[in-house]
Every structure is written in structure tokens, then in C-alpha cells.
Amino acid sequence: MDKKFLLQIVGLGCILAFISGCTPTTTTQSGSVPVAFIATTEDASLYEQAETLFVRAQSVEVPSEILLQAAILFAKSGDKNRTVESLALIDPDELKNVDFISYTLLGIELNLQSASPAEALLKLQATRFIALKSSFKRQDVLHILSLESDISAKLGNIESSINASIQLAQLLNKKSDVLNVHNKIWRQLSAQPYNVLQQCFNEAEPILGLWCNLAADMRLFQSNHPGQLTQFNTWKTANFSHPAARTPPSGKTRQWRTW
């Protein structure tokens, strides 16, 4: 391996570990923790680096690690097709566990972007991936919960989606990140019929049940902002330790935050 290429590989160490700790934990306004920034605009410099790695991988005996690095750079360069192409050439059995986690999560995100949530779920439930659970770093756990929520939502399992978001919010440190996740939960609850919210309150585990209770209460006063504020303050007093009491969702409920 020539010196220039070796230095390039070393410099890409953080890129390969982008899922497990090199990137800060920041939620998007949609309430998700992005696994990889799959750029919407092209970056010629990153594309050139990715292409160099891709070509180099063809000449080594065990190419999968280099192909994974290429796939990540192609994603960051804005070329989704080359990302998919690179991932398809990887033999996951050649990857170390930490790289297999990155490979799986990037593949799941691509599945979600391609409207293939069932395929994403299969990756999430793969035997090897589940067996690595004890080795997940905090950042891995955040990404996985975020992806679980998105997969469940796209498959129509709203309760599972919200439960994953609840777990995610409990692990986040920044209030702005928690707020993004709570807003996602609120958008999902706001789309549910009133009788579904009531059933959820009666049958779901306590944290989700009280989220549903709050949504049902607000539904009764949806055209009465002062009434919503009064009802929310009553609910907050009774459930002061609930996540929604500590960090109320914004958007449609912005008026709550004026007390």
C-alpha cells in the first residue's frame, strides 16, 4: 500500500466511524437523528476521494472495508446511486463488528429514503446486528431508536414509532433536540382519531398513555386557545414529571408556552 493512500485511509478514520461517535448528536426538525448526511448537492472533492477508494478496493484481497469508506464518501458527496452500488459490493462477513454496524445503519437509511421500510426492518432485525447490541455505543443507540421510529411510522405502527421516540428523547441532552422529538410525537398523535387516543390512554404504558391523554384533552379544546392553556396547566400540574410537562411540544401548541 503506497504512503499517500495509507495517509488517506488514516484520514478517513472519522468518516468510517461517523455513526459511532465522530458526529455530534443533533436531531432534525423532523425529530430524527440523521445516520449519515446524504447530501442533496454534489461535492466534487468528496466524490473524487470516494472514486479513488472505490478503484483501489478492486485491487485488494479483502475490499469490503474500503468499499464501505467509499460508500460513506459517495453519500456525503451527494451521489446516492454510487452509494448504493458500493454497498452492494460489500461482503458483510468481511467487516469488523464496528464497521458492520455502520454498514447496516447506512443501508437502513438508504432503504428509508427509497421508501422500502420492510427491507429496513429486516436489516434492523438481522441476527448479527441484534447480537452486537451489547457493543453499541451511545451514538449507535440514538441512531437505532431514531430509525426504529421512522421504520415503524412508515409501516403504520404508530404506537411502536412513538415508543421509540420516547426512548430517544429520554437519552438526548440538548433541550432543542428533545423538543424536535416531542414535536414529532405530537404530530403523530394529532393525526389520530379521538377514540384511538382514548384507547391509548387506557391501554398503553404510562408515558405513552399520558401523551395520548394530553392529545385527547387538547382535542376537546382545539378551537379554544385559552381553554387549551387552562387544560394543559391542569394536566401539567397532575403530571409534572412527564416528559411533555417538562418540554411541551411547540407548533400547534405554542400557546401553551406562554404561561
# chains A, B, ... in the order shown; residues from 1 in each chain; ligands from 1
>>> residues_around(residues="region 121-130 of chain A", least_positions_apart="3", cutoff="12 Å", atoms="only C-alpha atoms", output="count of residues only")
43
>>> closest_residue(among="A:Ser190, A:Lys137, A:Phe201, A:Ala44", to="Gln222 (chain A)", atoms="only C-alpha atoms")
A:Ser190
